[in-house]
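Shown below: start_28.txt, with compact mmCIF, C-alpha atoms and all ligand atoms.
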```txt
# COMPACT_ATOMS: atom_id res chain seq x y z
CA VAL A 2 1.35 -18.77 19.58
CA GLN A 3 0.03 -16.42 22.26
CA ASP A 4 -3.68 -15.72 22.37
CA LEU A 5 -3.33 -11.95 21.85
CA VAL A 6 -5.58 -9.24 20.46
CA PRO A 7 -4.86 -9.32 16.70
CA LEU A 8 -2.87 -6.16 16.00
CA ARG A 9 -4.72 -5.70 12.73
CA ASP A 10 -8.01 -5.37 14.65
CA THR A 11 -6.65 -2.29 16.41
CA VAL A 12 -6.22 -0.24 13.22
CA ASP A 13 -8.52 0.87 10.37
CA PHE A 14 -5.91 0.42 7.62
CA PRO A 15 -4.29 -2.78 6.31
CA LEU A 16 -1.38 -3.97 8.44
CA GLY A 17 1.52 -5.61 6.66
CA VAL A 18 4.75 -7.46 7.39
CA ALA A 19 7.87 -8.19 5.31
CA ILE A 20 8.64 -11.90 5.01
CA ASP A 21 10.17 -14.70 3.00
CA SER A 22 9.11 -18.36 2.84
CA ARG A 23 10.38 -18.99 6.38
CA GLU A 24 7.29 -17.22 7.67
CA THR A 25 4.83 -19.14 5.51
CA SER A 26 4.51 -22.28 7.65
CA GLY A 27 4.41 -23.46 11.24
CA ALA A 28 4.18 -21.22 14.29
CA ALA A 29 5.60 -18.17 12.48
CA SER A 30 2.78 -18.37 9.95
CA GLU A 31 0.25 -18.78 12.75
CA LEU A 32 1.59 -15.61 14.39
CA LEU A 33 1.56 -13.76 11.07
CA LEU A 34 -2.00 -14.72 10.18
CA ARG A 35 -3.27 -13.67 13.60
CA HIS A 36 -1.84 -10.16 13.40
CA PHE A 37 -1.37 -9.19 9.76
CA GLY A 38 -3.48 -8.92 6.60
CA GLN A 39 -0.82 -7.98 4.09
CA VAL A 40 2.69 -9.18 3.18
CA THR A 41 5.70 -7.76 1.36
CA GLY A 42 8.55 -9.89 0.02
CA GLU A 43 11.62 -8.69 1.91
CA ASN A 44 14.02 -9.64 -0.90
CA HIS A 45 12.62 -11.92 -3.55
CA MET A 46 10.69 -9.61 -5.84
CA LYS A 47 13.62 -7.24 -6.28
CA VAL A 48 15.10 -6.85 -9.76
CA GLU A 49 17.90 -9.42 -9.47
CA ALA A 50 15.50 -12.07 -8.20
CA TRP A 51 13.74 -12.20 -11.58
CA TYR A 52 16.76 -13.45 -13.58
CA ASP A 53 18.85 -16.59 -13.68
CA ALA A 54 22.62 -16.69 -14.16
CA GLN A 55 22.11 -16.68 -17.94
CA GLN A 56 20.20 -13.37 -17.69
CA ARG A 57 16.95 -15.13 -18.55
CA PHE A 58 13.72 -14.00 -16.93
CA GLN A 59 12.41 -16.43 -14.31
CA ARG A 60 10.15 -16.29 -11.30
CA HIS A 61 12.09 -17.10 -8.14
CA ALA A 62 10.65 -19.99 -6.13
CA GLU A 63 10.49 -17.59 -3.17
CA ALA A 64 8.29 -15.17 -5.11
CA THR A 65 6.01 -18.02 -6.05
CA ALA A 66 5.89 -19.16 -2.41
CA LEU A 67 4.86 -15.66 -1.39
CA LEU A 68 2.15 -15.42 -4.04
CA ASP A 69 0.79 -18.89 -3.17
CA TYR A 70 0.78 -18.10 0.54
CA ALA A 71 -0.99 -14.77 0.05
CA GLN A 72 -3.55 -16.31 -2.27
CA ALA A 73 -4.25 -19.31 0.01
CA ASN A 74 -4.65 -17.15 3.11
CA ASP A 75 -6.48 -14.20 1.62
CA LEU A 76 -3.61 -11.79 2.33
CA ARG A 77 -2.89 -8.70 0.26
CA LEU A 78 0.52 -8.76 -1.40
CA TYR A 79 2.52 -5.52 -1.68
CA GLY A 80 5.19 -5.79 -4.41
CA HIS A 81 8.75 -4.65 -3.62
CA VAL A 82 10.35 -3.43 -5.93
CA LEU A 83 10.29 -2.88 -9.71
CA VAL A 84 13.16 -0.38 -10.05
CA TRP A 85 16.00 0.09 -7.55
CA HIS A 86 19.67 0.99 -7.92
CA SER A 87 20.55 -1.80 -5.47
CA GLN A 88 19.97 -5.55 -5.85
CA SER A 89 19.81 -5.18 -9.63
CA PRO A 90 22.07 -7.32 -11.81
CA GLU A 91 25.13 -5.50 -13.17
CA TRP A 92 24.34 -6.56 -16.72
CA PHE A 93 21.14 -4.54 -16.47
CA PHE A 94 23.24 -1.43 -17.08
CA GLU A 95 25.40 -2.93 -19.82
CA ARG A 96 25.00 -3.50 -23.52
CA GLU A 97 24.82 -7.04 -24.79
CA ASP A 98 28.60 -7.00 -25.35
CA GLY A 99 29.21 -6.20 -21.67
CA THR A 100 30.21 -2.55 -22.12
CA ALA A 101 28.57 0.10 -19.97
CA LEU A 102 25.50 1.92 -21.26
CA THR A 103 25.87 5.68 -21.59
CA SER A 104 23.46 8.55 -22.03
CA SER A 105 23.71 8.42 -25.84
CA GLU A 106 20.37 8.38 -27.65
CA ALA A 107 20.94 4.78 -28.75
CA ASP A 108 21.69 3.64 -25.21
CA LYS A 109 18.71 5.54 -23.82
CA ALA A 110 16.45 3.76 -26.28
CA PHE A 111 18.00 0.42 -25.29
CA MET A 112 17.48 1.14 -21.58
CA ARG A 113 13.88 2.24 -22.06
CA GLU A 114 13.17 -1.06 -23.76
CA ARG A 115 14.97 -3.03 -21.04
CA LEU A 116 12.88 -1.29 -18.38
CA ARG A 117 9.64 -1.87 -20.25
CA THR A 118 10.47 -5.53 -20.83
CA HIS A 119 11.27 -6.06 -17.14
CA VAL A 120 8.03 -4.48 -15.94
CA PHE A 121 5.91 -6.33 -18.48
CA ASP A 122 7.62 -9.68 -17.80
CA VAL A 123 6.95 -9.33 -14.06
CA ALA A 124 3.33 -8.32 -14.65
CA ARG A 125 2.69 -11.12 -17.15
CA SER A 126 4.45 -13.80 -15.10
CA ILE A 127 2.16 -13.18 -12.13
CA ALA A 128 -1.03 -12.69 -14.17
CA GLU A 129 -0.45 -15.94 -16.06
CA ASP A 130 -0.55 -18.02 -12.91
CA TYR A 131 -2.72 -15.97 -10.55
CA GLY A 132 -5.19 -14.35 -12.91
CA PRO A 133 -5.60 -10.75 -13.91
CA TYR A 134 -4.96 -7.96 -11.39
CA GLY A 135 -8.09 -7.04 -9.54
CA SER A 136 -9.52 -10.57 -9.78
CA ASP A 137 -10.22 -12.64 -6.65
CA THR A 138 -7.36 -15.04 -7.31
CA ASN A 139 -4.60 -12.44 -7.71
CA PRO A 140 -3.34 -11.17 -4.31
CA LEU A 141 -1.13 -8.37 -5.66
CA VAL A 142 -2.50 -4.94 -4.70
CA ALA A 143 0.44 -2.53 -4.91
CA TRP A 144 4.06 -2.10 -6.06
CA ASP A 145 6.94 0.04 -4.99
CA VAL A 146 7.57 1.11 -8.58
CA VAL A 147 10.75 3.00 -7.75
CA ASN A 148 12.73 2.80 -4.51
CA GLU A 149 15.23 5.23 -2.98
CA VAL A 150 15.57 7.52 -5.99
CA VAL A 151 16.04 10.68 -3.91
CA SER A 152 19.58 11.70 -3.08
CA ASP A 153 20.88 11.82 0.49
CA ALA A 154 23.01 14.80 -0.47
CA ASN A 155 21.62 18.01 -1.88
CA GLU A 156 22.41 17.33 -5.52
CA PRO A 157 22.17 20.51 -7.54
CA GLY A 158 18.95 20.86 -9.46
CA ASP A 159 16.73 17.84 -9.13
CA GLY A 160 17.88 16.27 -5.83
CA LEU A 161 17.87 12.79 -7.37
CA ARG A 162 20.26 9.94 -6.56
CA ARG A 163 23.07 9.70 -9.12
CA SER A 164 22.45 6.01 -9.84
CA ALA A 165 23.15 3.92 -12.92
CA TRP A 166 19.53 4.47 -13.92
CA TYR A 167 19.97 8.21 -13.55
CA SER A 168 23.23 8.43 -15.43
CA ILE A 169 21.66 6.78 -18.48
CA LEU A 170 18.15 8.25 -18.55
CA GLY A 171 18.06 11.07 -16.02
CA GLU A 172 14.73 11.65 -14.26
CA GLU A 173 12.96 10.10 -17.23
CA TYR A 174 13.49 6.56 -15.86
CA ILE A 175 11.18 7.36 -12.95
CA HIS A 176 8.45 8.65 -15.26
CA LEU A 177 8.79 5.65 -17.54
CA ALA A 178 8.77 3.13 -14.68
CA PHE A 179 5.37 4.44 -13.56
CA ARG A 180 3.97 4.68 -17.08
CA TYR A 181 5.03 1.14 -17.98
CA ALA A 182 3.79 -0.23 -14.64
CA ASP A 183 0.46 1.51 -15.11
CA GLU A 184 0.10 0.11 -18.59
CA ALA A 185 1.07 -3.43 -17.58
CA PHE A 186 -0.65 -3.81 -14.20
CA ASN A 187 -3.64 -1.51 -14.63
CA GLU A 188 -4.46 -2.02 -18.30
CA VAL A 189 -2.95 -4.95 -20.19
CA TYR A 190 -3.07 -7.51 -17.37
CA ALA A 191 -5.96 -6.06 -15.35
CA ALA A 192 -9.31 -7.79 -14.90
CA GLU A 193 -12.01 -6.34 -17.10
CA GLY A 194 -14.05 -3.62 -15.50
CA THR A 195 -11.53 -2.93 -12.72
CA ASP A 196 -10.17 0.55 -12.27
CA ARG A 197 -6.50 0.71 -11.19
CA PRO A 198 -6.34 -2.62 -9.33
CA VAL A 199 -2.66 -2.13 -8.47
CA ALA A 200 -1.60 0.99 -6.56
CA LEU A 201 1.71 2.42 -7.78
CA PHE A 202 4.05 3.77 -5.07
CA ILE A 203 7.23 5.74 -4.89
CA ASN A 204 9.20 4.74 -1.79
CA ASP A 205 12.12 6.16 0.17
CA TYR A 206 13.92 6.28 3.54
CA ASN A 207 14.69 9.21 5.87
CA THR A 208 11.56 10.93 4.61
CA GLU A 209 11.02 12.08 8.21
CA GLN A 210 14.17 14.23 7.84
CA GLY A 211 13.73 17.80 6.64
CA ALA A 212 16.07 18.27 3.67
CA LYS A 213 15.41 14.86 2.16
CA GLN A 214 11.69 15.36 2.71
CA ASP A 215 11.91 18.63 0.74
CA ARG A 216 13.55 16.82 -2.17
CA TYR A 217 11.01 13.99 -1.99
CA ARG A 218 8.07 16.39 -1.99
CA ALA A 219 9.53 18.37 -4.91
CA LEU A 220 9.94 15.18 -6.95
CA VAL A 221 6.40 13.96 -6.24
CA GLU A 222 5.06 17.38 -7.24
CA ARG A 223 7.01 17.23 -10.51
CA LEU A 224 5.73 13.74 -11.25
CA LEU A 225 2.11 14.68 -10.61
CA ALA A 226 2.44 17.87 -12.66
CA ALA A 227 3.80 15.78 -15.55
CA GLY A 228 0.81 13.43 -15.33
CA VAL A 229 2.92 10.49 -14.15
CA PRO A 230 0.54 7.86 -12.66
CA VAL A 231 1.80 7.89 -9.05
CA ASP A 232 -0.89 6.67 -6.67
CA GLY A 233 1.03 6.64 -3.44
CA VAL A 234 3.96 7.94 -1.44
CA GLY A 235 5.83 5.46 0.75
CA HIS A 236 7.78 6.22 3.89
CA GLN A 237 10.13 3.46 4.98
CA PHE A 238 10.48 4.76 8.56
CA HIS A 239 13.54 2.77 9.62
CA VAL A 240 13.74 4.78 12.83
CA SER A 241 15.35 4.59 16.26
CA LEU A 242 14.41 5.64 19.78
CA THR A 243 16.05 9.01 19.10
CA THR A 244 13.85 9.80 16.08
CA PRO A 245 11.16 12.24 17.28
CA VAL A 246 7.73 10.65 16.80
CA SER A 247 6.49 14.11 15.84
CA SER A 248 8.66 13.92 12.73
CA LEU A 249 6.54 10.99 11.51
CA THR A 250 3.44 13.18 11.69
CA VAL A 251 5.24 15.97 9.86
CA ALA A 252 6.34 13.56 7.11
CA LEU A 253 2.81 12.26 6.51
CA ASP A 254 1.25 15.72 6.71
CA ARG A 255 3.79 17.03 4.22
CA PHE A 256 2.08 15.07 1.42
CA ALA A 257 -1.50 15.25 2.69
CA ASP A 258 -2.58 18.01 0.29
CA LEU A 259 -1.47 16.04 -2.78
CA PRO A 260 -3.75 13.61 -4.66
CA VAL A 261 -1.94 10.53 -3.31
CA VAL A 262 -2.40 7.93 -0.60
CA GLN A 263 0.49 7.21 1.75
CA ALA A 264 2.01 4.06 3.18
CA VAL A 265 4.46 3.26 5.92
CA THR A 266 6.38 0.60 4.05
CA GLU A 267 9.27 -0.67 6.20
CA LEU A 268 8.73 0.27 9.84
CA ASP A 269 11.21 -0.79 12.50
CA VAL A 270 12.52 0.91 15.64
CA THR A 271 16.08 0.13 16.72
CA VAL A 272 16.95 0.43 20.40
CA GLY A 273 20.77 0.60 20.20
CA THR A 274 23.14 -1.94 21.75
CA PRO A 275 23.26 -3.57 24.15
CA VAL A 276 19.54 -4.24 24.19
CA THR A 277 18.31 -3.53 27.72
CA GLU A 278 14.98 -3.99 29.49
CA ALA A 279 14.69 -0.21 29.84
CA ASN A 280 15.21 0.28 26.11
CA LEU A 281 12.62 -2.35 25.28
CA VAL A 282 10.12 -0.54 27.50
CA ALA A 283 11.00 2.74 25.76
CA GLN A 284 10.48 0.96 22.45
CA GLY A 285 7.01 -0.07 23.64
CA HIS A 286 6.24 3.59 24.24
CA TYR A 287 7.68 4.50 20.84
CA TYR A 288 5.50 1.99 18.99
CA ARG A 289 2.49 3.18 20.99
CA ASP A 290 3.07 6.77 19.95
CA ALA A 291 3.92 5.89 16.35
CA PHE A 292 0.77 3.82 15.89
CA ASP A 293 -1.23 6.65 17.42
CA VAL A 294 0.25 8.91 14.73
CA PHE A 295 -0.80 6.45 12.02
CA ARG A 296 -4.33 6.02 13.41
CA ASP A 297 -4.72 9.76 13.80
CA PHE A 298 -3.46 10.47 10.28
CA HIS A 299 -5.89 7.94 8.85
CA ALA A 300 -8.77 9.33 10.92
CA ARG A 301 -8.03 12.84 9.66
CA THR A 302 -7.38 12.05 5.99
CA GLY A 303 -8.53 8.51 5.16
CA ASP A 304 -5.30 8.25 3.16
CA MET A 305 -3.24 5.66 5.05
CA TYR A 306 -2.93 2.91 2.46
CA SER A 307 -1.17 0.44 4.77
CA VAL A 308 1.46 0.19 7.50
CA THR A 309 4.09 -2.54 7.14
CA VAL A 310 6.65 -3.65 9.73
CA TRP A 311 9.96 -4.78 8.21
CA GLY A 312 9.98 -8.31 9.59
CA LEU A 313 7.97 -10.54 11.90
CA THR A 314 10.51 -11.36 14.62
CA ASP A 315 13.70 -9.67 15.86
CA ASN A 316 15.98 -12.55 14.89
CA ARG A 317 14.90 -12.20 11.26
CA SER A 318 15.45 -8.43 11.02
CA TRP A 319 18.18 -6.83 8.89
CA ARG A 320 18.98 -5.02 12.16
CA SER A 321 18.62 -8.07 14.39
CA THR A 322 21.19 -6.94 16.98
CA GLN A 323 19.01 -3.95 17.84
CA ALA A 324 15.72 -5.78 18.45
CA PRO A 325 13.62 -3.48 16.23
CA LEU A 326 10.38 -5.44 15.77
CA LEU A 327 7.17 -6.38 17.60
CA PHE A 328 7.91 -10.02 18.43
CA ASP A 329 11.07 -11.74 19.69
CA GLY A 330 12.81 -14.75 18.23
CA ALA A 331 10.66 -17.07 20.35
CA LEU A 332 7.56 -15.49 18.72
CA GLN A 333 6.64 -13.81 22.00
CA ALA A 334 5.06 -10.36 22.03
CA LYS A 335 7.41 -7.62 23.18
CA TYR A 336 6.42 -4.37 24.88
CA ALA A 337 6.49 -3.10 21.29
CA TYR A 338 3.45 -5.22 20.39
CA TYR A 339 1.46 -4.03 23.41
CA GLY A 340 2.39 -0.45 22.62
CA ALA A 341 1.42 -0.71 18.95
CA ALA A 342 -1.88 -2.36 19.89
CA GLY A 343 -2.60 0.42 22.40
CA LEU A 344 -2.83 -2.07 25.28
CA ASP A 345 -1.61 -1.02 28.73
CA GLU A 346 -0.58 -4.44 29.93
CA GLY A 347 3.10 -5.16 29.53
CA VAL A 348 4.22 -1.56 29.13
O1 LIG B 401 20.43 -15.02 -0.07
C1 LIG B 401 21.79 -14.87 0.32
C2 LIG B 401 22.31 -16.15 0.89
O2 LIG B 401 22.30 -17.13 -0.10
C3 LIG B 401 23.73 -15.92 1.44
O3 LIG B 401 24.18 -17.09 2.08
C4 LIG B 401 23.74 -14.76 2.41
C5 LIG B 401 25.13 -14.44 2.92
O4 LIG B 401 25.24 -13.10 3.34
O5 LIG B 401 23.23 -13.62 1.78
C6 LIG B 401 21.89 -13.79 1.36
O6 LIG B 401 21.44 -12.61 0.77
C7 LIG B 401 21.19 -11.56 1.67
C8 LIG B 401 19.71 -11.20 1.59
O7 LIG B 401 19.47 -10.06 2.38
C9 LIG B 401 18.80 -12.31 2.08
O8 LIG B 401 19.03 -12.56 3.43
C10 LIG B 401 22.04 -10.38 1.24
O9 LIG B 401 23.41 -10.68 1.43
C11 LIG B 401 21.65 -9.16 2.02
O10 LIG B 401 22.32 -8.04 1.45
C12 LIG B 401 20.16 -8.93 1.92
O11 LIG B 401 19.85 -7.81 2.72
C13 LIG B 401 18.61 -7.20 2.45
C14 LIG B 401 18.83 -5.77 2.03
O12 LIG B 401 17.58 -5.15 1.81
C15 LIG B 401 19.64 -5.70 0.74
O13 LIG B 401 19.75 -4.42 0.28
C16 LIG B 401 17.78 -7.24 3.70
O14 LIG B 401 17.43 -8.61 4.00
C17 LIG B 401 16.49 -6.44 3.53
O15 LIG B 401 15.82 -6.32 4.75
C18 LIG B 401 16.84 -5.06 3.02
O16 LIG B 401 15.64 -4.37 2.79
C19 LIG B 401 15.79 -2.98 2.39
C20 LIG B 401 14.64 -2.68 1.45
O17 LIG B 401 14.63 -3.59 0.38
C21 LIG B 401 14.72 -1.24 0.94
N1 LIG B 401 14.80 -0.31 2.05
C22 LIG B 401 15.85 -0.57 3.01
C23 LIG B 401 15.74 -1.99 3.57
C24 LIG B 401 16.79 -2.26 4.64
O18 LIG B 401 18.08 -2.21 4.11
```
Could you render the structure from this file as structure tokens?
Ligand code: G3I
Amino acid sequence: VQDLVPLRDTVDFPLGVAIDSRETSGAASELLLRHFGQVTGENHMKVEAWYDAQQRFQRHAEATALLDYAQANDLRLYGHVLVWHSQSPEWFFEREDGTALTSSEADKAFMRERLRTHVFDVARSIAEDYGPYGSDTNPLVAWDVVNEVVSDANEPGDGLRRSAWYSILGEEYIHLAFRYADEAFNEVYAAEGTDRPVALFINDYNTEQGAKQDRYRALVERLLAAGVPVDGVGHQFHVSLTTPVSSLTVALDRFADLPVVQAVTELDVTVGTPVTEANLVAQGHYYRDAFDVFRDFHARTGDMYSVTVWGLTDNRSWRSTQAPLLFDGALQAKYAYYGAAGLDEGV
């Protein structure tokens, strides 16, 4: 692994990376530990990961690997995700006889209980083996409580995604997810004397785009007005070279007057195909400017909770053909790393 300036030393907020167990050993781990202080599970703490084929609650070996790795290396662990319309088992939205749940009062009550049970099982499963939240042995510091609940289209009224969750409970499922998570992580399974050890986030993509940003802001305002315990607003920022960097500033500033912290939760910058040397240089400039936005926002507000890149190396990215990350498949720093670190060399 190259002897580079640790990227995390160039910022005043925690720097995270999305991983699975492939990054927890060998040279990839060495690279990770040099540059990052926080990890997110890219896939294995999503809803479907917590159940076996018989619909029984379990903790996936990958989630355990992540928790062990974070604990052993003193990394913060950012949980992703408690409630999402995607990567949830189909039976989650069905009655025990396999028929679909509806918005009847009986089905609503059933779904509320299913949601509460899920959140409490996750919270208890981790606390049992890693100690209460807020204690030295438990690495979990935050959760995306709900993910991608805002509609891409301008739905009349509330602007929320018409998901299975929504069709059964309406907006209430978002309120309940936060209330249950708060109760489980910050009360029942919290270390004594700790105040809100786990930060509760709402998270979404395309928040740098105007109309969706309006809907996101309106929802967060409604949640806060209703006393829903939302601590933070997440911006995924899956962007490309054509996304104006100024729109990232606008997105963060849009929430700056609200009593929340903010996080960049899934940063990557695609360069298009084919990947060319010129595009990789442009990507270096993009990461430079984006990290300047994040540093500047944190300097002005103190409210940047963390910035997470969505993968360690290009070959492991969900958009691997477009080389969106800081390091290449040979674990070598790209122009993107030098840009993010604010170093001239290489760019
Ligand atoms: O684990 C199976 C493996 O057994 C099988 O052989 C293989 C065959 O395709 O699939 C593997 O599962 C894949 C999984 O990633 C693990 O690699 C799934 O098919 C694939 O759909 C899944 O993609 C993930 C995607 O979420 C699913 O929605 C991506 O890795 C992950 O980066 C992506 O992350 C999301 C965030 O959670 C939310 N925001 C958007 C972001 C990008 O889509």
Problem - Test item: residues lying within 8 Å of ligand LIG 401 (chain B) with only C-alpha atoms and all ligand atoms, as a list in words - result: Glu43, Asn44, Lys47, His81, Val82, Ser87, Gln88, Asn148, Glu149, Asp205, Tyr206, Gln237, His239, Glu267, Trp311, Gly312, Ser318 and Trp319 of chain A
Completion exercise
The distance between atom CA of Ala185 of chain A and atom CA of Ala143 of chain A is 12.7 Å
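Each of A:Ala28, A:Val151, A:Val6, A:Ala291 was checked against Ala331 of chain A using all atoms listed in the file; the smallest atom-to-atom distance is that of A:Ala28.
If you count all atoms listed in the file and draw a sphere of 12 Å around (9.1, 19.0, -1.3), the protein and nucleic acid residues inside it come out as Val151, Asp159, Gly160, Thr208, Glu209, Gln210, Gly211, Ala212, Lys213, Gln214, Asp215, Arg216, Tyr217, Arg218, Ala219, Leu220, Val221, Glu222, Arg223, Leu224, Ala252, Asp254, Arg255, Phe256, Ala257, Asp258 and Leu259 of chain A.
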Practice task
May I have the protein, DNA and RNA residues with any atom at most 6 Å from the point (6.7, -2.0, 25.8), counting only C-alpha atoms, written as a count of residues only?
Solution key: 9
Completion exercise
The residue from A:Met112, A:Val231, A:Ala64, A:Leu201 with the smallest atom-to-atom distance to Glu173 of chain A, counting only C-alpha atoms, is A:Met112
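Across the model, the gap from atom CA of His119 of chain A to atom CA of Phe58 of chain A is 8.3 Å.
The nearest approach to Gly38 of chain A among the residues A:Pro140, A:Gly80, A:Gly235, A:Gly158, with all atoms listed in the file taken into account, belongs to A:Pro140.
The space between atom CA of Ser241 of chain A and atom CA of Thr277 of chain A spans 14.4 Å.
With distances restricted to all atoms listed in the file, A:Thr271 is the closest residue to Thr244 of chain A from A:Thr309, A:Thr271, A:Thr41, A:Thr11.
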